[in-house]
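Participant: Supplied in structure tokens, the structure appears directly below.
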Amino acid sequence: MSSLLRIRRHKRCRHVRKVGQTMYITKKELLEQTGISYGQLYRWKREGLIPEEWFIKKPSKTGQETCLPQEQILERIAFIQKNKGLRSLDELAGMLSVPKGLKEFNKELLEQMSEIHPEITRAVTDGEYSRIEVAFLAIISNVYTKYRLTKGDMSGLLSGCADYFTDLPQGRHEFLVYRVFGKVFGMVAKEGADPLADNRIALMEKFQIEELANELAIKYIRGADV
């Protein structure tokens, strides 16, 4: 599998707090786990790489402590650490602030992308595509190649799931690929939701959509030299 299509996993932190459905990590635990400094964290905040609203003051035994949403901040720091040597912080901030629906790719660019199978490119219409839509095409290409799907299964995934990717809500999402009685189906779920499926349904693959979308945009939009 391409490194672009891997999902990073993080160990659960000892000092995580759960508020509603969101898990929070303390700033101290975050610095310990990621190995970054206090100065780095707040520099990335000033540069717009980490949203200010993620820094939340919560009561503690000693008064107040700063907490951040666990999944979002761990993924964001991993993304920054992976790419900061390739792009400037200003460029990374620009990439992270782009609206999900912005059309950045055209079909000519799709035809140049190694992550998208030529059969997929031929199956889609001319026009412009958002990074989320392109991530979807890369995911389908990966599954099509890895599992040697028929063109019928590939077309079914494209047509059955495309609407989700044209209007994906804010937040972090995963695309899950299942095999059911020999047929292949896709599902979009909130990250970490882990839906409980009938045990006759086999999970084939799971992809983190937003991370893949940003990595493809960095590779192809903000400099083909990456």
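Every chain in the structure tokens has a letter given in the order shown (A, B, ...), and although residue numbers restart at 1 in each chain, ligands are simply numbered from 1 in the order shown.
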Residues within 8 Å of A:Glu205, please, as a list in words. Count only C-alpha atoms; anything in the same chain fewer than 2 positions from it doesn't count.
Facilitator: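 Contacts, in chain order: Val143, Leu176, Val177, Tyr178, Leu203 and Phe207 of chain A.
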Participant: Enumerate, as a PyMOL selection string, the complete set of residues in chain A that a backbone-based DSSP assignment places in strand (DSSP E or B).
Facilitator: chain A and resi 17-19+22-26+56-60+63-69+103-106+128-130+173-180+183-190+202-208
Participant: Please report, as CSV, each residue of stretch 133-190 of chain A lying at most 12 Å from stretch 103-122 of chain A, together with the nearest pair of atoms and the separation in Å rounded to one decimal; use only C-alpha atoms, and order rows by chain and ascending residue number.
Facilitator:
residue,atom,partner,partner_atom,distance
A:Glu133,CA,A:Lys103,CA,9.1
A:Val134,CA,A:Phe105,CA,7.7
A:Ala135,CA,A:Glu115,CA,9.1
A:Phe136,CA,A:Ile116,CA,9.7
A:Leu137,CA,A:Ile116,CA,6.4
A:Ala138,CA,A:Ile116,CA,5.0
A:Ile139,CA,A:Ile116,CA,8.3
A:Ile140,CA,A:Ile120,CA,7.9
A:Ser141,CA,A:His117,CA,5.3
A:Asn142,CA,A:Glu115,CA,7.4
A:Val143,CA,A:His117,CA,10.2
A:Tyr144,CA,A:His117,CA,8.3
A:Thr145,CA,A:His117,CA,7.9
A:Lys146,CA,A:His117,CA,11.3
A:Arg148,CA,A:His117,CA,11.9
A:Leu149,CA,A:Glu119,CA,11.6
A:Thr150,CA,A:Glu119,CA,11.0
A:Lys151,CA,A:Glu119,CA,8.4
A:Gly152,CA,A:Glu119,CA,11.5
A:Asp153,CA,A:Ile120,CA,11.8
A:Met154,CA,A:Ile120,CA,8.1
A:Ser155,CA,A:Ile120,CA,8.5
A:Gly156,CA,A:Ile120,CA,11.8
A:Leu157,CA,A:Ile120,CA,10.8
A:Leu158,CA,A:Ile120,CA,8.6
A:Ser159,CA,A:Ile120,CA,11.6
A:Thr166,CA,A:Lys103,CA,10.4
Participant: Run DSSP on the backbone and give me the residues of stretch 24-225 of chain A it puts in helix (DSSP H, G or I), as a ChimeraX atom specification.
Facilitator: /A:27-34,38-46,52-54,70-83,89-96,107-110,118-123,131-146,151-166,209-220
Participant: Using only C-alpha atoms, which residues sit within 10 Å of A:Ile77 once same-chain residues fewer than 4 positions away are excluded, as a PyMOL selection string?
Facilitator: chain A and resi 30+34+36+41+44+49-50+72-73+81-83
Participant: Between atom CA of A:Leu96 and atom CA of A:Gln40, measure the distance and give it in Å to one decimal.
Facilitator: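 Rounded to one decimal, the two atoms are 17.5 Å apart.
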Participant: What is the distance, in Å and to one decimal place, between atom CA of A:Met95 and atom CA of A:Gly39?
Facilitator: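 These two atoms are separated by 22.2 Å.
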Participant: In terms of the shortest atom-to-atom distance over only C-alpha atoms, which of A:Val180, A:Ala217, A:Cys67, A:Leu168 is closest to A:Asp198?
Facilitator: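 Looking at the shortest contact to A:Asp198, the residue is A:Val180.
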